[in-house]
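Structure, as structure tokens:
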Amino acid sequence: MPLFTLRFDMRAPSFGAPPTELYAAASEMSAWAETRGCIAAVLCEHHCADDGYLPSPLLLGAAIAARTKQLMLNLVILLPFYDPARLAEDMAVLDHISAGRATYVFGIGYRAEEYAHFGLSLSDRGRLADEKLGLLRRLLAGEEVLHGGRRMKVTPRPRTPEGPMMSWGGASLAAARRAGRNGLGLLANGVVPGMREAYENASRDAGYDPGFMMLPERDTATNVFVADDVDAAWDEIGKYLLHDALAYSEWNPDNTVSANITTAKTVDELRHESTSHVILPVDDARSRLAAGEVFNINPLCGGIPPEIAWKYLKRFAELD
């Protein structure tokens, strides 16, 4: 049975499926996949996107948790945008709904539009992240917190003692150091030179043993599909994959390290010159699985209509 993760960004461009169909499919796919080798559903967060990129991973996470029994949930949360008391309450409730299956990767974001949306300054993002992370952890641990004239206490307590598992994300030395000095794991989306050392040193300087690290290289395939006829597959879903690729590239014009970023501008370039979005023939997929690769599947990538997306998800899951 192949091992894989599902990722849902919920992009819904005008030429793709409508959001209602995509959200229903995300829960259905998660429930179907958890008994077929899927180890986690990854839910990412962005705001103010023209294609409706998922702004509320906690809500989708609750919907998926209610439909599943063993699937892990990995929620990517842009911490500066949240009130820490409200976030702690939502995390505590989701911890009960999921029976402790929800984990979190925090980040600080990078889009000025999103900070304007929440009335915040992009230049304050590091300070906000540090302040809110400290408050969040105290609240999840059951502490009554006095801060800025507020008295905060979260009930119910999370099911998981001290709160759900939390990691830090990003692709910078600052992100590595923030993870280390807070005793968190580091689940990066790219690697810069010295990142591992920065994380390990910051961890030890703060009195922690370095935790779990995931440092993907730039050529990591973050959107994998499997097809019997690769040419026909690119004809069918190439435009959706290209939309996803172009949207991330537009948001990250100077990013040369993150695994999900490509310089491709056409479907042909995405197919032949990029490693971020790949459609593998069956034999290649089997070989990579036999070598121990865990595939990252984004079944609804770029708003692929569910009736098409199911075909590729099932074809992958049939690989043995």
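All residue names refer to the structure tokens as shown: chains lettered A, B, ... in order, residues numbered from 1 in each chain, ligands numbered from 1 in order.
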Do a neighbour search on A:Leu136 at 12 Å with only C-alpha atoms, toss out local chain neighbours closer than 4 positions, and write the hits as a PyMOL selection string. chain A and resi 79-80+82-92+106+128-132+140-145+147+152-154+162-164+166
Give me, as a Markdown table, the closest atom pair and its distance (Å, one decimal) for every residue of stretch 23-138 of chain A within a cut-off of 12 Å of stretch 172-193 of chain A, counting only C-alpha atoms, rows sorted by chain and rising number.
```
| residue | atom | partner | partner_atom | distance |
| --- | --- | --- | --- | --- |
| A:Cys44 | CA | A:Asn189 | CA | 11.8 |
| A:Asn74 | CA | A:Leu187 | CA | 10.7 |
| A:Leu75 | CA | A:Leu187 | CA | 11.7 |
| A:Val76 | CA | A:Leu187 | CA | 10.1 |
| A:Thr103 | CA | A:Gly185 | CA | 11.4 |
| A:Tyr104 | CA | A:Leu187 | CA | 9.9 |
| A:Val105 | CA | A:Leu187 | CA | 7.0 |
| A:Phe106 | CA | A:Leu187 | CA | 9.1 |
| A:Gly107 | CA | A:Ala175 | CA | 8.1 |
| A:Ile108 | CA | A:Ala175 | CA | 8.9 |
| A:Gly109 | CA | A:Ala175 | CA | 11.2 |
| A:Arg125 | CA | A:Ala174 | CA | 11.8 |
| A:Gly126 | CA | A:Ala174 | CA | 9.0 |
| A:Arg127 | CA | A:Arg178 | CA | 11.0 |
| A:Ala129 | CA | A:Arg178 | CA | 9.3 |
| A:Asp130 | CA | A:Arg178 | CA | 8.0 |
| A:Glu131 | CA | A:Asn182 | CA | 11.5 |
| A:Leu133 | CA | A:Asn182 | CA | 8.7 |
| A:Gly134 | CA | A:Asn182 | CA | 8.6 |
| A:Arg137 | CA | A:Asn182 | CA | 10.1 |
```
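For the choices A:Leu313, A:Leu319, A:Val267, A:Leu289, the atom-to-atom distance to A:Met29 is smallest for A:Leu313 when using only C-alpha atoms.
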Considering only C-alpha atoms, state which residue in the set A:Ala171, A:Ala33, A:Val224, A:Ala198 is at the smallest distance from A:Cys301. A:Val224
Would you mind writing down, as a PyMOL selection string, each residue of stretch 140-300 of chain A that DSSP on the backbone assigns to strand (DSSP E)? chain A and resi 145-147+150-152+166-168+185-187+213-214+223-227+277-281+295-297
Please produce a file of those selected residues containing N, CA, C and O atoms, as a CSV table (one decimal), in the first residue's frame.
```
chain,number,residue,atom,x,y,z
A,145,VAL,N,-4.0,33.8,32.0
A,145,VAL,CA,-3.0,34.7,31.5
A,145,VAL,C,-3.5,36.1,31.6
A,145,VAL,O,-4.6,36.5,31.1
A,146,LEU,N,-2.7,37.0,32.2
A,146,LEU,CA,-3.0,38.4,32.2
A,146,LEU,C,-2.0,39.1,31.2
A,146,LEU,O,-0.8,39.0,31.3
A,147,HIS,N,-2.6,39.8,30.3
A,147,HIS,CA,-1.8,40.4,29.2
A,147,HIS,C,-2.5,41.6,28.6
A,147,HIS,O,-3.7,41.4,28.1
A,150,ARG,N,-6.0,42.3,29.6
A,150,ARG,CA,-6.9,41.2,29.5
A,150,ARG,C,-6.6,40.1,30.4
A,150,ARG,O,-5.5,39.8,30.8
A,151,ARG,N,-7.7,39.4,30.9
A,151,ARG,CA,-7.6,38.2,31.7
A,151,ARG,C,-8.1,37.1,30.8
A,151,ARG,O,-9.3,37.0,30.5
A,152,MET,N,-7.2,36.1,30.4
A,152,MET,CA,-7.6,35.1,29.5
A,152,MET,C,-7.5,33.7,30.1
A,152,MET,O,-6.5,33.4,30.8
A,166,MET,N,3.0,21.2,18.1
A,166,MET,CA,3.2,22.4,17.3
A,166,MET,C,4.6,22.4,16.8
A,166,MET,O,5.6,22.1,17.5
A,167,SER,N,4.7,22.9,15.5
A,167,SER,CA,6.0,23.1,14.9
A,167,SER,C,6.1,24.4,14.3
A,167,SER,O,5.1,25.2,14.2
A,168,TRP,N,7.3,24.8,13.8
A,168,TRP,CA,7.4,26.1,13.1
A,168,TRP,C,7.8,25.8,11.6
A,168,TRP,O,8.5,24.9,11.4
A,185,GLY,N,9.5,21.7,16.8
A,185,GLY,CA,10.1,21.0,15.6
A,185,GLY,C,10.1,22.0,14.5
A,185,GLY,O,9.5,23.1,14.5
A,186,LEU,N,10.9,21.7,13.4
A,186,LEU,CA,11.1,22.6,12.3
A,186,LEU,C,10.6,21.8,11.0
A,186,LEU,O,11.2,20.9,10.6
A,187,LEU,N,9.4,22.3,10.5
A,187,LEU,CA,8.9,21.7,9.3
A,187,LEU,C,8.9,22.8,8.2
A,187,LEU,O,8.0,23.6,8.0
A,213,MET,N,13.0,17.5,12.4
A,213,MET,CA,13.2,18.5,11.3
A,213,MET,C,12.8,17.9,9.9
A,213,MET,O,13.0,16.7,9.7
A,214,MET,N,12.2,18.7,9.1
A,214,MET,CA,11.9,18.4,7.7
A,214,MET,C,12.4,19.5,6.9
A,214,MET,O,11.9,20.6,7.0
A,223,ASN,N,3.4,18.3,-5.7
A,223,ASN,CA,2.1,18.0,-6.3
A,223,ASN,C,2.2,16.8,-7.2
A,223,ASN,O,2.7,17.0,-8.4
A,224,VAL,N,1.9,15.6,-6.8
A,224,VAL,CA,2.2,14.4,-7.6
A,224,VAL,C,0.9,13.8,-8.0
A,224,VAL,O,-0.1,13.7,-7.3
A,225,PHE,N,0.9,13.4,-9.3
A,225,PHE,CA,-0.2,12.7,-9.9
A,225,PHE,C,0.3,11.5,-10.6
A,225,PHE,O,1.5,11.5,-11.0
A,226,VAL,N,-0.5,10.4,-10.8
A,226,VAL,CA,-0.1,9.2,-11.5
A,226,VAL,C,-1.1,8.9,-12.5
A,226,VAL,O,-2.3,9.0,-12.3
A,227,ALA,N,-0.6,8.6,-13.7
A,227,ALA,CA,-1.5,8.3,-14.8
A,227,ALA,C,-1.0,7.2,-15.7
A,227,ALA,O,0.2,7.0,-15.9
A,277,HIS,N,5.3,20.2,-9.8
A,277,HIS,CA,4.1,19.6,-10.2
A,277,HIS,C,4.4,18.5,-11.3
A,277,HIS,O,4.9,18.8,-12.3
A,278,VAL,N,4.2,17.2,-10.9
A,278,VAL,CA,4.6,16.1,-11.8
A,278,VAL,C,3.5,15.2,-12.0
A,278,VAL,O,2.6,14.9,-11.1
A,279,ILE,N,3.4,14.6,-13.2
A,279,ILE,CA,2.5,13.5,-13.5
A,279,ILE,C,3.4,12.3,-13.8
A,279,ILE,O,4.1,12.4,-14.9
A,280,LEU,N,3.3,11.3,-13.0
A,280,LEU,CA,4.3,10.2,-13.2
A,280,LEU,C,3.6,9.0,-13.9
A,280,LEU,O,2.4,8.7,-13.7
A,281,PRO,N,4.3,8.3,-14.8
A,281,PRO,CA,3.8,7.1,-15.4
A,281,PRO,C,3.8,6.0,-14.2
A,281,PRO,O,4.5,6.2,-13.3
A,295,PHE,N,4.6,10.1,-1.1
A,295,PHE,CA,4.2,11.1,-2.1
A,295,PHE,C,3.3,12.2,-1.5
A,295,PHE,O,2.5,11.9,-0.5
A,296,ASN,N,3.5,13.4,-2.0
A,296,ASN,CA,2.6,14.5,-1.6
A,296,ASN,C,1.6,14.7,-2.7
A,296,ASN,O,1.9,15.1,-3.8
A,297,ILE,N,0.3,14.4,-2.4
A,297,ILE,CA,-0.8,14.4,-3.3
A,297,ILE,C,-1.7,15.6,-3.1
A,297,ILE,O,-2.1,15.8,-2.0
```
Considering only C-alpha atoms, return as a PyMOL selection string whatever protein or nucleic-acid residues lie within 8 Å of A:Ala17, sequence-local ones (same chain, fewer than 4 positions apart) excluded. chain A and resi 12-13+21-22+303-306
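Across A:Met10, A:Pro161, A:Pro2, A:Thr220, the tightest approach to A:Ser287 is made by A:Pro2 when counting only C-alpha atoms.
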I'd like the neighbourhood of A:His96 as a PyMOL selection string, where a residue qualifies if any of its atoms comes within 10 Å (using only C-alpha atoms), though same-chain residues fewer than 6 positions away should be ignored. chain A and resi 62+65+102+156-160
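Those residues of stretch 235-274 of chain A that DSSP, working from the backbone, places in helix (DSSP H, G or I) are Asp235, Glu236, Ile237, Gly238, Lys239, Tyr240, Leu241, Leu242, His243, Asp244, Ala245, Leu246, Ala247, Tyr248, Ser249, Glu250, Trp251, Val267, Asp268, Glu269, Leu270, Arg271, His272 and Glu273 of chain A.
The protein and nucleic acid residues lying at most 6 Å from A:Ser276 are A:Ala221, A:Thr222, A:Asn260, A:Ser274, with only C-alpha atoms considered and sequence neighbours fewer than 2 positions away removed.
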Grab the residues selected above and save them as a short mmCIF file (atom, residue, chain, number, x, y, z; two decimals), in the first residue's frame with C-alpha atoms.
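Saved as selection_33.cif:
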```
data_model
loop_
_atom_site.label_atom_id
_atom_site.label_comp_id
_atom_site.auth_asym_id
_atom_site.auth_seq_id
_atom_site.Cartn_x
_atom_site.Cartn_y
_atom_site.Cartn_z
CA ALA A 221 7.76 17.18 -5.84
CA THR A 222 4.95 18.82 -3.87
CA ASN A 260 6.59 24.59 -4.32
CA SER A 274 9.83 21.90 -13.28
#
```
Looking at only C-alpha atoms, which of A:Ala112, A:Asp219, A:Asp229, A:Glu45 is the one that sits closest to A:Glu273? A:Asp219
Write out as a PDB file with all heavy atoms, in the first residue's frame the residues lying within 8 Å of A:Leu122, counting only C-alpha atoms and excluding same-chain residues fewer than 2 positions away.
```
ATOM      1  N   TYR A 110       3.866  36.166   4.329  1.00  0.00           N
ATOM      2  CA  TYR A 110       4.795  37.006   3.569  1.00  0.00           C
ATOM      3  C   TYR A 110       4.084  37.977   2.637  1.00  0.00           C
ATOM      4  O   TYR A 110       4.740  38.735   1.929  1.00  0.00           O
ATOM      5  CB  TYR A 110       5.747  36.131   2.745  1.00  0.00           C
ATOM      6  CG  TYR A 110       5.042  35.082   1.895  1.00  0.00           C
ATOM      7  CD1 TYR A 110       4.548  35.399   0.625  1.00  0.00           C
ATOM      8  CD2 TYR A 110       4.874  33.780   2.362  1.00  0.00           C
ATOM      9  CE1 TYR A 110       3.902  34.456  -0.150  1.00  0.00           C
ATOM     10  CE2 TYR A 110       4.233  32.826   1.582  1.00  0.00           C
ATOM     11  CZ  TYR A 110       3.746  33.166   0.330  1.00  0.00           C
ATOM     12  OH  TYR A 110       3.111  32.224  -0.428  1.00  0.00           O
ATOM     13  N   ARG A 111       2.756  37.989   2.619  1.00  0.00           N
ATOM     14  CA  ARG A 111       2.016  38.826   1.680  1.00  0.00           C
ATOM     15  C   ARG A 111       1.482  40.079   2.368  1.00  0.00           C
ATOM     16  O   ARG A 111       0.736  39.998   3.352  1.00  0.00           O
ATOM     17  CB  ARG A 111       0.868  38.046   1.043  1.00  0.00           C
ATOM     18  CG  ARG A 111       1.330  36.845   0.237  1.00  0.00           C
ATOM     19  CD  ARG A 111       0.145  36.090  -0.349  1.00  0.00           C
ATOM     20  NE  ARG A 111      -0.591  36.904  -1.309  1.00  0.00           N
ATOM     21  CZ  ARG A 111      -1.910  37.075  -1.288  1.00  0.00           C
ATOM     22  NH1 ARG A 111      -2.636  36.497  -0.332  1.00  0.00           N
ATOM     23  NH2 ARG A 111      -2.496  37.812  -2.195  1.00  0.00           N
ATOM     24  N   ALA A 112       1.854  41.239   1.837  1.00  0.00           N
ATOM     25  CA  ALA A 112       1.420  42.513   2.416  1.00  0.00           C
ATOM     26  C   ALA A 112      -0.095  42.643   2.401  1.00  0.00           C
ATOM     27  O   ALA A 112      -0.688  43.218   3.330  1.00  0.00           O
ATOM     28  CB  ALA A 112       2.059  43.672   1.657  1.00  0.00           C
ATOM     29  N   TYR A 115      -1.618  41.156   5.529  1.00  0.00           N
ATOM     30  CA  TYR A 115      -1.437  41.972   6.724  1.00  0.00           C
ATOM     31  C   TYR A 115      -2.362  43.183   6.701  1.00  0.00           C
ATOM     32  O   TYR A 115      -2.931  43.577   7.730  1.00  0.00           O
ATOM     33  CB  TYR A 115       0.030  42.376   6.872  1.00  0.00           C
ATOM     34  CG  TYR A 115       0.822  41.299   7.576  1.00  0.00           C
ATOM     35  CD1 TYR A 115       1.292  40.188   6.882  1.00  0.00           C
ATOM     36  CD2 TYR A 115       1.042  41.350   8.946  1.00  0.00           C
ATOM     37  CE1 TYR A 115       1.982  39.172   7.527  1.00  0.00           C
ATOM     38  CE2 TYR A 115       1.725  40.344   9.610  1.00  0.00           C
ATOM     39  CZ  TYR A 115       2.190  39.255   8.891  1.00  0.00           C
ATOM     40  OH  TYR A 115       2.840  38.245   9.549  1.00  0.00           O
ATOM     41  N   LEU A 120      -2.730  44.907  10.153  1.00  0.00           N
ATOM     42  CA  LEU A 120      -1.430  44.726  10.779  1.00  0.00           C
ATOM     43  C   LEU A 120      -0.331  45.180   9.837  1.00  0.00           C
ATOM     44  O   LEU A 120      -0.532  45.284   8.625  1.00  0.00           O
ATOM     45  CB  LEU A 120      -1.211  43.249  11.142  1.00  0.00           C
ATOM     46  CG  LEU A 120      -2.246  42.614  12.088  1.00  0.00           C
ATOM     47  CD1 LEU A 120      -2.013  41.108  12.183  1.00  0.00           C
ATOM     48  CD2 LEU A 120      -2.181  43.256  13.468  1.00  0.00           C
ATOM     49  N   ASP A 124       5.890  44.116  11.507  1.00  0.00           N
ATOM     50  CA  ASP A 124       5.706  43.660  12.889  1.00  0.00           C
ATOM     51  C   ASP A 124       5.559  42.149  12.997  1.00  0.00           C
ATOM     52  O   ASP A 124       5.326  41.625  14.096  1.00  0.00           O
ATOM     53  CB  ASP A 124       4.450  44.309  13.501  1.00  0.00           C
ATOM     54  CG  ASP A 124       4.639  45.778  13.823  1.00  0.00           C
ATOM     55  OD1 ASP A 124       5.796  46.208  14.005  1.00  0.00           O
ATOM     56  OD2 ASP A 124       3.627  46.493  13.902  1.00  0.00           O
ATOM     57  N   ARG A 125       5.677  41.439  11.890  1.00  0.00           N
ATOM     58  CA  ARG A 125       5.280  40.036  11.907  1.00  0.00           C
ATOM     59  C   ARG A 125       6.116  39.177  12.841  1.00  0.00           C
ATOM     60  O   ARG A 125       5.589  38.275  13.505  1.00  0.00           O
ATOM     61  CB  ARG A 125       5.306  39.466  10.494  1.00  0.00           C
ATOM     62  CG  ARG A 125       6.636  39.546   9.776  1.00  0.00           C
ATOM     63  CD  ARG A 125       6.522  39.019   8.346  1.00  0.00           C
ATOM     64  NE  ARG A 125       7.812  39.068   7.675  1.00  0.00           N
ATOM     65  CZ  ARG A 125       8.092  38.392   6.582  1.00  0.00           C
ATOM     66  NH1 ARG A 125       7.176  37.597   6.039  1.00  0.00           N
ATOM     67  NH2 ARG A 125       9.280  38.489   6.020  1.00  0.00           N
TER      68      ARG A 125
END
```
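Between A:Glu200 and the residues A:Ile77, A:Gly16, A:Phe212, A:Arg7, the shortest atom-to-atom distance, using only C-alpha atoms, involves A:Phe212.
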